[in-house]
$ cat input-v9.tsv   # TSV, C-alpha atoms
chain	number	residue	atom	x	y	z
A	1	MET	CA	-17.22	26.16	-30.77
A	2	TYR	CA	-19.67	26.33	-27.89
A	3	TYR	CA	-23.27	25.32	-28.28
A	4	TYR	CA	-25.81	26.15	-25.55
A	5	LEU	CA	-28.99	24.16	-25.16
A	6	TYR	CA	-31.55	25.93	-22.96
A	7	ASP	CA	-34.33	23.98	-21.29
A	8	SER	CA	-37.87	24.99	-22.24
A	9	PHE	CA	-38.77	26.10	-18.71
A	10	LEU	CA	-36.29	28.97	-19.01
A	11	SER	CA	-38.81	30.79	-21.25
A	12	ASP	CA	-40.59	31.73	-18.04
A	13	LYS	CA	-40.21	35.43	-17.23
A	14	LYS	CA	-38.76	34.76	-13.79
A	15	TYR	CA	-35.59	33.41	-15.39
A	16	ALA	CA	-35.12	36.31	-17.83
A	17	GLN	CA	-32.75	38.21	-15.55
A	18	THR	CA	-30.68	35.11	-14.73
A	19	ILE	CA	-30.35	34.23	-18.42
A	20	ALA	CA	-29.33	37.80	-19.26
A	21	LYS	CA	-26.60	37.70	-16.60
A	22	ILE	CA	-25.36	34.33	-17.87
A	23	GLU	CA	-25.24	35.55	-21.47
A	24	ASN	CA	-23.40	38.74	-20.53
A	25	ARG	CA	-20.84	36.79	-18.55
A	26	LEU	CA	-20.31	34.36	-21.44
A	27	ILE	CA	-19.66	37.31	-23.77
A	28	ASP	CA	-17.23	38.85	-21.25
A	29	LEU	CA	-15.33	35.57	-21.09
A	30	GLY	CA	-15.42	35.12	-24.86
A	31	ILE	CA	-17.10	31.74	-24.71
A	32	ASN	CA	-20.49	32.63	-26.13
A	33	GLY	CA	-21.85	30.51	-28.93
A	34	LYS	CA	-24.92	29.25	-30.67
A	35	VAL	CA	-28.04	29.07	-28.49
A	36	GLU	CA	-31.02	26.82	-28.99
A	37	LYS	CA	-34.09	26.23	-26.83
A	38	MET	CA	-35.37	22.73	-26.20
A	39	SER	CA	-38.95	21.99	-27.10
A	40	VAL	CA	-41.16	18.95	-27.27
A	41	LEU	CA	-41.07	19.18	-31.06
A	42	LYS	CA	-37.29	18.74	-31.28
A	43	SER	CA	-35.39	15.59	-30.44
A	44	ILE	CA	-32.44	16.48	-28.23
A	45	ARG	CA	-30.30	13.79	-29.83
A	46	GLU	CA	-30.98	15.12	-33.35
A	47	VAL	CA	-30.35	18.74	-32.34
A	48	VAL	CA	-27.06	17.79	-30.66
A	49	ASP	CA	-25.97	15.60	-33.60
A	50	ASP	CA	-26.74	18.39	-36.11
A	51	ASN	CA	-24.73	20.93	-34.16
A	52	ILE	CA	-21.77	18.61	-33.74
A	53	ARG	CA	-21.79	18.08	-37.49
A	54	SER	CA	-21.79	21.88	-37.86
A	55	GLY	CA	-18.60	22.10	-35.79
A	56	ALA	CA	-19.71	22.34	-32.14
A	57	ASP	CA	-17.16	20.69	-29.87
A	58	THR	CA	-18.61	21.74	-26.51
A	59	ILE	CA	-22.27	21.22	-25.69
A	60	ILE	CA	-23.58	23.09	-22.65
A	61	ALA	CA	-26.89	22.20	-21.00
A	62	VAL	CA	-28.51	25.23	-19.34
A	63	GLY	CA	-31.29	24.53	-16.86
A	64	SER	CA	-31.77	22.07	-14.03
A	65	ASP	CA	-30.64	18.55	-13.14
A	66	LYS	CA	-33.44	17.22	-15.34
A	67	THR	CA	-31.97	19.17	-18.27
A	68	PHE	CA	-28.59	17.65	-17.51
A	69	SER	CA	-30.04	14.13	-17.49
A	70	LYS	CA	-31.82	14.74	-20.79
A	71	VAL	CA	-28.82	16.17	-22.66
A	72	PHE	CA	-25.79	14.18	-21.48
A	73	PRO	CA	-26.75	10.86	-23.21
A	74	ALA	CA	-26.73	12.63	-26.58
A	75	VAL	CA	-23.21	13.98	-25.88
A	76	ALA	CA	-21.89	10.71	-24.43
A	77	ASN	CA	-22.58	9.03	-27.76
A	78	GLN	CA	-20.17	11.36	-29.55
A	79	ASN	CA	-16.40	11.14	-29.61
A	80	GLY	CA	-14.31	14.23	-29.02
A	81	VAL	CA	-17.18	16.33	-27.69
A	82	THR	CA	-17.11	17.94	-24.25
A	83	PHE	CA	-20.17	18.42	-22.08
A	84	GLY	CA	-20.79	21.37	-19.76
A	85	TYR	CA	-23.57	22.45	-17.42
A	86	ILE	CA	-24.93	25.77	-16.25
A	87	PRO	CA	-27.50	25.29	-13.47
A	88	VAL	CA	-29.92	28.19	-13.07
A	89	GLU	CA	-31.04	27.09	-9.63
A	90	ASN	CA	-29.66	25.01	-6.77
A	91	SER	CA	-28.56	21.70	-8.17
A	92	THR	CA	-27.23	18.54	-6.57
A	93	ILE	CA	-25.41	17.37	-9.70
A	94	ALA	CA	-23.73	20.76	-10.01
A	95	LYS	CA	-22.56	20.56	-6.39
A	96	MET	CA	-20.99	17.16	-7.05
A	97	LEU	CA	-19.30	18.55	-10.14
A	98	GLY	CA	-18.13	21.69	-8.32
A	99	ILE	CA	-20.15	24.03	-10.53
A	100	PRO	CA	-21.74	27.11	-8.91
A	101	VAL	CA	-25.18	28.40	-9.86
A	102	ALA	CA	-26.03	30.73	-12.78
A	103	GLU	CA	-23.47	33.27	-14.06
A	104	LYS	CA	-20.76	31.98	-11.70
A	105	ALA	CA	-20.85	28.68	-13.59
A	106	CYS	CA	-19.56	30.54	-16.66
A	107	ASP	CA	-16.18	31.02	-14.95
A	108	VAL	CA	-15.94	27.26	-14.42
A	109	LEU	CA	-16.71	26.70	-18.11
A	110	SER	CA	-14.06	29.22	-19.05
A	111	ALA	CA	-11.44	27.54	-16.82
A	112	ARG	CA	-12.21	24.35	-18.74
A	113	ILE	CA	-11.04	21.67	-16.31
A	114	ILE	CA	-12.08	18.53	-18.17
A	115	GLU	CA	-12.51	15.12	-16.58
A	116	ARG	CA	-13.32	11.90	-18.39
A	117	ILE	CA	-15.84	10.13	-16.20
A	118	ASP	CA	-17.79	6.88	-16.17
A	119	ILE	CA	-21.48	6.65	-16.83
A	120	GLY	CA	-23.92	3.86	-16.15
A	121	LYS	CA	-25.98	2.02	-18.71
A	122	VAL	CA	-29.18	0.15	-17.86
A	123	ASN	CA	-30.47	-1.82	-20.84
A	124	ASP	CA	-30.25	0.86	-23.57
A	125	GLN	CA	-30.50	3.91	-21.31
A	126	TYR	CA	-27.62	5.91	-19.89
A	127	PHE	CA	-27.62	7.21	-16.35
A	128	PHE	CA	-25.25	9.65	-14.73
A	129	SER	CA	-25.74	9.36	-10.99
A	130	THR	CA	-28.00	6.66	-9.56
A	131	LEU	CA	-30.31	3.84	-10.51
A	132	GLU	CA	-32.92	3.34	-7.80
A	133	VAL	CA	-34.35	-0.11	-7.19
A	134	PRO	CA	-37.71	0.11	-5.42
A	135	GLU	CA	-38.50	-2.03	-2.41
A	136	ALA	CA	-39.76	-5.38	-3.63
A	137	SER	CA	-39.48	-8.97	-2.57
A	138	ASN	CA	-37.05	-11.33	-4.25
A	139	ILE	CA	-34.91	-8.81	-6.05
A	140	SER	CA	-31.37	-9.99	-6.54
A	141	LEU	CA	-28.30	-8.84	-8.40
A	142	GLU	CA	-26.60	-11.45	-10.55
A	143	CYS	CA	-23.01	-10.42	-10.91
A	144	ASN	CA	-19.93	-11.58	-12.77
A	145	GLY	CA	-21.92	-13.47	-15.35
A	146	GLY	CA	-24.07	-15.19	-12.73
A	147	HIS	CA	-21.13	-16.48	-10.67
A	148	PHE	CA	-22.59	-14.92	-7.55
A	149	ASN	CA	-25.73	-13.13	-6.57
A	150	ILE	CA	-26.51	-10.59	-3.90
A	151	SER	CA	-29.83	-10.19	-2.17
A	152	SER	CA	-31.28	-8.54	0.89
A	153	ILE	CA	-32.00	-10.89	3.80
A	154	SER	CA	-34.97	-8.86	5.03
A	155	LYS	CA	-36.16	-8.14	1.44
A	156	SER	CA	-36.70	-4.53	2.48
A	157	ASP	CA	-33.33	-2.87	1.86
A	158	HIS	CA	-33.14	0.34	-0.12
A	159	ILE	CA	-31.02	-0.61	-3.16
A	160	GLN	CA	-29.17	1.85	-5.36
A	161	ILE	CA	-26.71	1.37	-8.17
A	162	CYS	CA	-24.51	4.42	-8.01
A	163	ASN	CA	-22.04	6.05	-10.33
A	164	LEU	CA	-21.92	9.45	-8.67
A	165	SER	CA	-24.26	9.46	-5.75
A	166	TYR	CA	-25.88	12.27	-3.87
A	167	ALA	CA	-28.22	9.78	-2.20
A	168	PRO	CA	-27.92	8.99	1.52
A	169	ILE	CA	-24.60	7.22	1.62
A	170	ASP	CA	-22.52	7.36	4.76
A	171	THR	CA	-19.78	9.36	3.10
A	172	GLU	CA	-18.33	10.50	6.41
A	173	ARG	CA	-17.18	6.95	7.09
A	174	ARG	CA	-16.50	5.92	3.52
A	175	LYS	CA	-14.92	8.66	1.52
A	176	ASN	CA	-15.18	8.38	-2.23
A	177	VAL	CA	-17.57	5.45	-2.11
A	178	CYS	CA	-18.94	6.51	-5.44
A	179	ASN	CA	-16.08	7.76	-7.53
A	180	PRO	CA	-17.14	8.23	-11.16
A	181	LYS	CA	-13.57	7.71	-12.34
A	182	ASP	CA	-12.91	4.28	-10.81
A	183	GLY	CA	-14.40	2.16	-13.60
A	184	TYR	CA	-17.00	0.65	-11.26
A	185	LEU	CA	-20.60	1.13	-10.30
A	186	GLU	CA	-21.38	0.67	-6.62
A	187	ALA	CA	-24.34	-1.45	-5.61
A	188	VAL	CA	-25.40	-0.01	-2.25
A	189	PHE	CA	-27.84	-1.82	0.04
A	190	THR	CA	-29.16	0.28	2.92
A	191	PRO	CA	-31.35	-1.45	5.53
A	192	LYS	CA	-34.24	0.36	7.15
A	193	GLU	CA	-34.75	0.70	10.88
A	194	LYS	CA	-37.39	2.25	13.08
A	195	GLY	CA	-36.62	5.84	13.94
A	196	ALA	CA	-38.39	8.39	16.10
A	197	PHE	CA	-42.23	8.14	16.14
A	198	GLY	CA	-42.02	4.69	14.51
A	199	LYS	CA	-41.03	6.06	11.12
A	200	ASP	CA	-38.65	4.06	8.96
A	201	LYS	CA	-35.24	5.59	8.44
A	202	LEU	CA	-32.20	4.41	6.50
A	203	ALA	CA	-29.46	2.83	8.60
A	204	THR	CA	-26.49	4.16	6.66
A	205	LYS	CA	-24.03	2.70	9.15
A	206	LYS	CA	-25.17	-0.81	8.21
A	207	GLN	CA	-24.81	-0.28	4.48
A	208	SER	CA	-23.37	-2.84	2.11
A	209	VAL	CA	-21.25	-1.62	-0.80
A	210	PHE	CA	-20.22	-3.74	-3.79
A	211	PRO	CA	-18.05	-2.32	-6.57
A	212	ILE	CA	-19.28	-4.03	-9.73
A	213	ARG	CA	-18.73	-3.53	-13.46
A	214	LYS	CA	-21.70	-5.42	-14.80
A	215	MET	CA	-24.76	-7.00	-13.21
A	216	LYS	CA	-28.25	-8.15	-13.97
A	217	ILE	CA	-31.14	-7.10	-11.77
A	218	VAL	CA	-33.70	-9.86	-11.58
A	219	SER	CA	-36.96	-10.17	-9.70
A	220	ASP	CA	-39.91	-12.55	-9.49
A	221	GLU	CA	-42.29	-9.82	-10.59
A	222	ILE	CA	-41.62	-6.99	-13.03
A	223	VAL	CA	-40.27	-4.00	-11.13
A	224	SER	CA	-39.71	-0.44	-12.40
A	225	LEU	CA	-36.19	0.91	-11.87
A	226	VAL	CA	-35.70	4.66	-11.88
A	227	ALA	CA	-32.53	6.06	-13.47
A	228	ASP	CA	-31.48	9.58	-12.41
A	229	GLY	CA	-34.95	10.16	-10.95
A	230	GLU	CA	-36.45	10.24	-14.44
A	231	THR	CA	-36.07	7.32	-16.79
A	232	ILE	CA	-37.96	4.16	-15.94
A	233	VAL	CA	-36.66	0.73	-16.90
A	234	LYS	CA	-38.32	-2.59	-16.17
A	235	THR	CA	-36.65	-5.70	-14.77
A	236	PRO	CA	-34.87	-7.87	-15.76
A	237	ALA	CA	-32.28	-5.21	-16.51
A	238	THR	CA	-28.62	-5.43	-17.37
A	239	VAL	CA	-26.59	-2.67	-15.75
A	240	GLU	CA	-23.01	-1.89	-16.67
A	241	VAL	CA	-20.45	0.87	-16.33
A	242	LEU	CA	-19.11	2.61	-19.42
A	243	SER	CA	-15.67	3.62	-18.30
A	244	LYS	CA	-14.54	7.19	-19.06
A	245	LYS	CA	-17.31	7.62	-21.59
A	246	LEU	CA	-18.13	11.29	-20.94
A	247	SER	CA	-15.80	14.31	-21.13
A	248	ILE	CA	-17.22	16.90	-18.80
A	249	ILE	CA	-16.19	20.34	-17.58
A	250	VAL	CA	-15.91	20.39	-13.78
A	251	GLY	CA	-15.03	22.91	-11.10
A	252	LYS	CA	-12.21	22.88	-8.58
A	253	GLU	CA	-14.71	22.14	-5.80
A	254	ARG	CA	-15.84	18.83	-7.32
A	255	LYS	CA	-16.50	15.98	-4.91
A	256	PHE	CA	-14.40	13.32	-6.66
B	257	MET	CA	-1.28	1.59	7.39
B	258	PHE	CA	-4.09	-0.82	6.71
B	259	LYS	CA	-4.75	-1.57	10.34
B	260	ASN	CA	-5.36	0.78	13.18
B	261	GLN	CA	-3.97	0.10	16.66
B	262	GLU	CA	-6.76	-2.31	17.56
B	263	GLY	CA	-6.14	-4.44	14.50
B	264	ASP	CA	-9.35	-3.41	12.75
B	265	LEU	CA	-9.60	-2.57	9.09
B	266	MET	CA	-9.89	1.11	8.40
B	267	GLU	CA	-13.12	1.91	6.57
B	268	LYS	CA	-11.55	4.23	4.03
B	269	ASP	CA	-9.40	1.38	2.71
B	270	THR	CA	-12.32	-0.95	2.42
B	271	GLU	CA	-13.70	-1.52	-1.04
B	272	THR	CA	-16.41	-4.13	-0.55
B	273	ILE	CA	-18.70	-4.19	2.48
B	274	ILE	CA	-21.11	-7.07	2.91
B	275	GLY	CA	-23.36	-5.58	5.57
B	276	PRO	CA	-25.57	-7.37	8.10
B	277	SER	CA	-28.68	-7.07	5.92
B	278	VAL	CA	-27.19	-8.80	2.88
B	279	LYS	CA	-26.65	-12.35	1.68
B	280	VAL	CA	-24.12	-13.30	-1.02
B	281	GLU	CA	-24.35	-16.69	-2.72
B	282	GLY	CA	-21.84	-18.08	-5.20
B	283	ASP	CA	-18.22	-17.48	-6.06
B	284	PHE	CA	-17.41	-13.96	-4.95
B	285	HIS	CA	-14.02	-12.73	-6.14
B	286	GLY	CA	-13.24	-9.24	-4.90
B	287	GLU	CA	-10.31	-7.11	-6.02
B	288	GLY	CA	-9.89	-4.99	-2.90
B	289	SER	CA	-10.26	-5.53	0.80
B	290	ILE	CA	-13.57	-6.97	2.00
B	291	VAL	CA	-15.50	-6.58	5.25
B	292	VAL	CA	-18.22	-9.15	5.94
B	293	GLU	CA	-20.94	-8.53	8.52
B	294	GLY	CA	-23.65	-10.51	6.72
B	295	GLN	CA	-24.02	-13.97	5.20
B	296	VAL	CA	-21.87	-15.58	2.52
B	297	THR	CA	-22.31	-19.01	0.95
B	298	GLY	CA	-19.96	-20.43	-1.70
B	299	THR	CA	-16.43	-19.11	-2.02
B	300	LEU	CA	-14.97	-15.75	-1.10
B	301	LYS	CA	-11.66	-14.69	-2.56
B	302	THR	CA	-9.66	-11.48	-2.59
B	303	ASN	CA	-6.06	-10.52	-3.22
B	304	GLN	CA	-6.18	-8.15	-0.24
B	305	ASP	CA	-7.47	-8.31	3.32
B	306	LEU	CA	-10.67	-9.89	4.58
B	307	LYS	CA	-12.39	-9.05	7.84
B	308	ILE	CA	-15.19	-11.26	9.15
B	309	GLY	CA	-17.30	-9.34	11.69
B	310	ALA	CA	-18.71	-10.80	14.90
B	311	ASN	CA	-22.22	-11.28	13.50
B	312	ALA	CA	-21.15	-12.66	10.14
B	313	LYS	CA	-22.11	-16.18	9.11
B	314	ILE	CA	-19.90	-17.69	6.44
B	315	LYS	CA	-20.33	-21.07	4.80
B	316	ALA	CA	-17.60	-20.70	2.25
B	317	ASP	CA	-13.97	-21.40	1.45
B	318	LEU	CA	-11.98	-18.22	1.96
B	319	GLU	CA	-8.83	-17.05	0.24
B	320	ALA	CA	-7.11	-13.73	0.99
B	321	GLU	CA	-3.84	-12.00	1.75
B	322	ASN	CA	-4.72	-11.60	5.46
B	323	ILE	CA	-7.86	-12.68	7.30
B	324	TYR	CA	-9.23	-11.29	10.58
B	325	ILE	CA	-12.10	-13.37	11.98
B	326	SER	CA	-14.52	-12.43	14.75
B	327	GLY	CA	-17.58	-14.34	13.48
B	328	GLU	CA	-18.56	-17.81	12.38
B	329	VAL	CA	-16.88	-19.55	9.45
B	330	VAL	CA	-17.58	-23.01	8.07
B	331	GLY	CA	-15.09	-23.69	5.30
B	332	ASP	CA	-11.40	-23.88	4.51
B	333	LEU	CA	-9.09	-20.88	4.72
B	334	TYR	CA	-6.12	-20.23	2.41
B	335	VAL	CA	-4.18	-17.22	3.62
B	336	LYS	CA	-0.97	-15.92	2.10
B	337	GLY	CA	-0.09	-13.76	5.08
B	338	LYS	CA	-1.60	-13.57	8.54
B	339	THR	CA	-4.70	-15.18	10.03
B	340	GLU	CA	-6.13	-13.68	13.21
B	341	LEU	CA	-8.88	-15.42	15.17
B	342	LYS	CA	-10.47	-13.05	17.69
B	343	SER	CA	-12.01	-14.31	20.92
B	344	THR	CA	-15.49	-14.55	19.37
B	345	ALA	CA	-14.32	-16.46	16.28
B	346	LYS	CA	-15.70	-19.93	15.50
B	347	VAL	CA	-13.99	-21.67	12.62
B	348	THR	CA	-14.90	-25.12	11.35
B	349	GLY	CA	-12.50	-26.05	8.59
B	350	ASN	CA	-8.85	-26.33	7.70
B	351	ILE	CA	-6.51	-23.38	7.72
B	352	LYS	CA	-3.41	-22.96	5.62
B	353	THR	CA	-1.57	-19.76	6.44
B	354	LYS	CA	1.84	-18.21	6.94
B	355	ILE	CA	1.25	-16.73	10.40
B	356	ILE	CA	-1.60	-17.43	12.81
B	357	SER	CA	-2.78	-15.67	15.93
B	358	ILE	CA	-5.57	-17.17	18.05
B	359	GLU	CA	-7.06	-15.22	20.96
B	360	ALA	CA	-8.29	-17.00	24.09
B	361	GLY	CA	-11.93	-17.97	23.58
B	362	ALA	CA	-11.71	-18.56	19.85
B	363	SER	CA	-12.65	-22.00	18.58
B	364	LEU	CA	-11.03	-23.87	15.71
B	365	ASN	CA	-12.22	-27.27	14.55
B	366	GLY	CA	-9.93	-28.42	11.79
B	367	ASN	CA	-6.33	-28.77	10.77
B	368	CYS	CA	-3.99	-25.83	10.74
B	369	VAL	CA	-0.83	-25.65	8.64
B	370	CYS	CA	1.51	-22.71	9.15
B	371	ASP	CA	3.89	-22.41	6.22
B	372	GLN	CA	6.50	-19.97	7.53
B	373	ASN	CA	8.71	-20.35	4.47
B	374	GLY	CA	6.16	-18.55	2.37
B	375	THR	CA	5.75	-21.36	-0.09
B	376	MET	CA	1.97	-21.13	-0.01
B	377	GLU	CA	0.42	-22.71	-3.02
B	378	LEU	CA	-3.00	-22.24	-4.42
B	379	LYS	CA	-5.88	-24.24	-3.06
B	380	GLU	CA	-6.39	-26.18	-6.30
B	381	ASP	CA	-2.77	-27.33	-6.30
B	382	THR	CA	-2.44	-28.45	-2.70
B	383	GLN	CA	-5.70	-29.22	-1.02
B	384	LYS	CA	-8.00	-30.94	-3.43
B	385	PRO	CA	-7.02	-34.55	-4.12
B	386	LYS	CA	-6.85	-35.36	-7.79
B	387	SER	CA	-7.79	-38.51	-9.57
B	388	ARG	CA	-5.38	-40.11	-11.99
B	389	SER	CA	-7.09	-38.35	-14.85
B	390	GLY	CA	-6.15	-35.06	-13.19
B	391	LYS	CA	-9.73	-34.10	-12.39
B	392	ASN	CA	-11.05	-33.58	-8.87
B	393	ASP	CA	-12.96	-36.65	-7.89
B	394	LYS	CA	-15.05	-36.82	-4.73
B	395	SER	CA	-14.80	-40.63	-4.59
B	396	ASP	CA	-11.03	-40.29	-4.16
B	397	ILE	CA	-11.54	-38.26	-1.00
B	398	LEU	CA	-13.87	-40.85	0.44

$ encode --input "input-v9.tsv" --output "structure tokens"
Amino acid sequence: MYYYLYDSFLSDKKYAQTIAKIENRLIDLGINGKVEKMSVLKSIREVVDDNIRSGADTIIAVGSDKTFSKVFPAVANQNGVTFGYIPVENSTIAKMLGIPVAEKACDVLSARIIERIDIGKVNDQYFFSTLEVPEASNISLECNGGHFNISSISKSDHIQICNLSYAPIDTERRKNVCNPKDGYLEAVFTPKEKGAFGKDKLATKKQSVFPIRKMKIVSDEIVSLVADGETIVKTPATVEVLSKKLSIIVGKERKF
Amino acid sequence: MFKNQEGDLMEKDTETIIGPSVKVEGDFHGEGSIVVEGQVTGTLKTNQDLKIGANAKIKADLEAENIYISGEVVGDLYVKGKTELKSTAKVTGNIKTKIISIEAGASLNGNCVCDQNGTMELKEDTQKPKSRSGKNDKSDIL
């Protein structure tokens, strides 16, 4: 049974037509199901848990990348439940997953190509794509139980811990750097260099890439790490990959 | 397949890249091929290929299937297959390998053992002297 969780911003009139098209297409394909709208008064985790207990085996987040990031942790905690996504506007996560926008995404859901993919965990929070480490002095990654540590020489590298990255990684040179099915997270260090008009730009050709399963991010001062552009976690933080934790519906045009 | 015509590692086969802006300290054990352009201190070990770039500075013992060196290495090398020292390579340490190739201009300060029979043994078994109790003892070396 399908269960659709709409983000609260979809109550806006400008999305009414898009939602109507999506719902019609779902009925045409025979994959319509129970619909619920997210609100600040309802905990997403509780709503998802209740519906899984009522027999839902596929949870679909309808909205934006923020909706995706809010809903997938609740689904990842459950066994035997598949996650799907219908973006109503242009979405980077959807592009990586090979899911088109709005009613066209319904066809991907109907085709039901399911992949079991890794997700990242930082302290107690899950993240799907990237954990951003802000520029700060004396940040280092302690890996392999402290056997070795990695740090930036200039202390000014842009550091990301990626599971499925849409961040500026030199993918032309390094195909599949961030493959969410490889059982690793990639720690990517990108140095900065002076570009035109003296502005800093990321030197992707000088990137460092470390495939790592578990690491600890430590710093002299407390630093805020940003997971999936939303969740904020303070250092020191333990980051690990949860291999094949999430069953997700993907399109044929997926990037991994 | 791993090398192109110029003997360089192909990027798409590379799994770990230690770029010029990064420093690694400690015992780094990689599972895939490794390219080093930055700084490494400690030990660096992989079961595949290792490429040391021209600007890399390594103060570590290295162990790999094949090693291609263009930069500076201070430490011992244990190579199961081939060791290539490019013209810009500077190695201070002992090398134990199956095959070695040294370009004109490269410098090597240390002993080199080429074991063509393929009976390479692990570093712990062959290189480090052991005391009678079986433990490594620095005083025995001195």

$ residues_around --input "input-v9.tsv" --residues "stretch 307-312 of chain B" --least-positions-apart "6" --cutoff "7 Å" --atoms "all atoms listed in the file" --output "PyMOL selection string"
chain B and resi 290-295+323-328+344

$ closest_residue --input "input-v9.tsv" --among "A:Asn138, A:Ser165, A:Thr67, A:Asn149" --to "A:Pro180" --atoms "all atoms listed in the file"
A:Ser165

$ atom_distance --input "input-v9.tsv" --atom1 "atom CA of A:Val223" --atom2 "atom CA of A:Asp124"
16.7 Å

$ atom_distance --input "input-v9.tsv" --atom1 "atom CA of A:Asn179" --atom2 "atom CA of A:Arg213"
13.0 Å

$ interface_residues --input "input-v9.tsv" --of "chain A" --to "chain B" --cutoff "7 Å" --atoms "all atoms listed in the file" --output "list of chain:residue names"
A:His147, A:Phe148, A:Asn149, A:Ile150, A:Ser151, A:Ser152, A:Ile153, A:Ser154, A:Arg173, A:Arg174, A:Lys175, A:Pro191, A:Lys206, A:Gln207, A:Ser208, A:Val209, A:Phe210, A:Pro211

$ build_atoms --input "input-v9.tsv" --residues "stretch 323-334 of chain B" --atoms "N, CA and C atoms" --output "JSON list (two decimals), keeping the file's coordinate frame"
[["chain", "number", "residue", "atom", "x", "y", "z"],
["B", 323, "ILE", "N", -6.46, -12.52, 6.86],
["B", 323, "ILE", "CA", -7.86, -12.68, 7.30],
["B", 323, "ILE", "C", -7.96, -12.42, 8.80],
["B", 324, "TYR", "N", -8.95, -11.59, 9.18],
["B", 324, "TYR", "CA", -9.23, -11.29, 10.58],
["B", 324, "TYR", "C", -10.65, -11.78, 10.87],
["B", 325, "ILE", "N", -10.78, -12.75, 11.76],
["B", 325, "ILE", "CA", -12.10, -13.37, 11.98],
["B", 325, "ILE", "C", -12.62, -13.11, 13.39],
["B", 326, "SER", "N", -13.83, -12.57, 13.46],
["B", 326, "SER", "CA", -14.52, -12.43, 14.75],
["B", 326, "SER", "C", -15.81, -13.24, 14.75],
["B", 327, "GLY", "N", -16.28, -13.66, 13.59],
["B", 327, "GLY", "CA", -17.58, -14.34, 13.48],
["B", 327, "GLY", "C", -17.44, -15.83, 13.23],
["B", 328, "GLU", "N", -18.46, -16.36, 12.56],
["B", 328, "GLU", "CA", -18.56, -17.81, 12.38],
["B", 328, "GLU", "C", -18.20, -18.19, 10.94],
["B", 329, "VAL", "N", -17.29, -19.11, 10.80],
["B", 329, "VAL", "CA", -16.88, -19.55, 9.45],
["B", 329, "VAL", "C", -16.93, -21.07, 9.38],
["B", 330, "VAL", "N", -17.62, -21.58, 8.38],
["B", 330, "VAL", "CA", -17.58, -23.01, 8.07],
["B", 330, "VAL", "C", -16.99, -23.12, 6.67],
["B", 331, "GLY", "N", -15.76, -23.60, 6.60],
["B", 331, "GLY", "CA", -15.09, -23.69, 5.30],
["B", 331, "GLY", "C", -13.59, -23.61, 5.49],
["B", 332, "ASP", "N", -12.86, -23.89, 4.43],
["B", 332, "ASP", "CA", -11.40, -23.88, 4.51],
["B", 332, "ASP", "C", -10.84, -22.49, 4.23],
["B", 333, "LEU", "N", -9.71, -22.19, 4.88],
["B", 333, "LEU", "CA", -9.09, -20.88, 4.72],
["B", 333, "LEU", "C", -7.71, -21.03, 4.08],
["B", 334, "TYR", "N", -7.44, -20.25, 3.07],
["B", 334, "TYR", "CA", -6.12, -20.23, 2.41],
["B", 334, "TYR", "C", -5.61, -18.80, 2.50]]
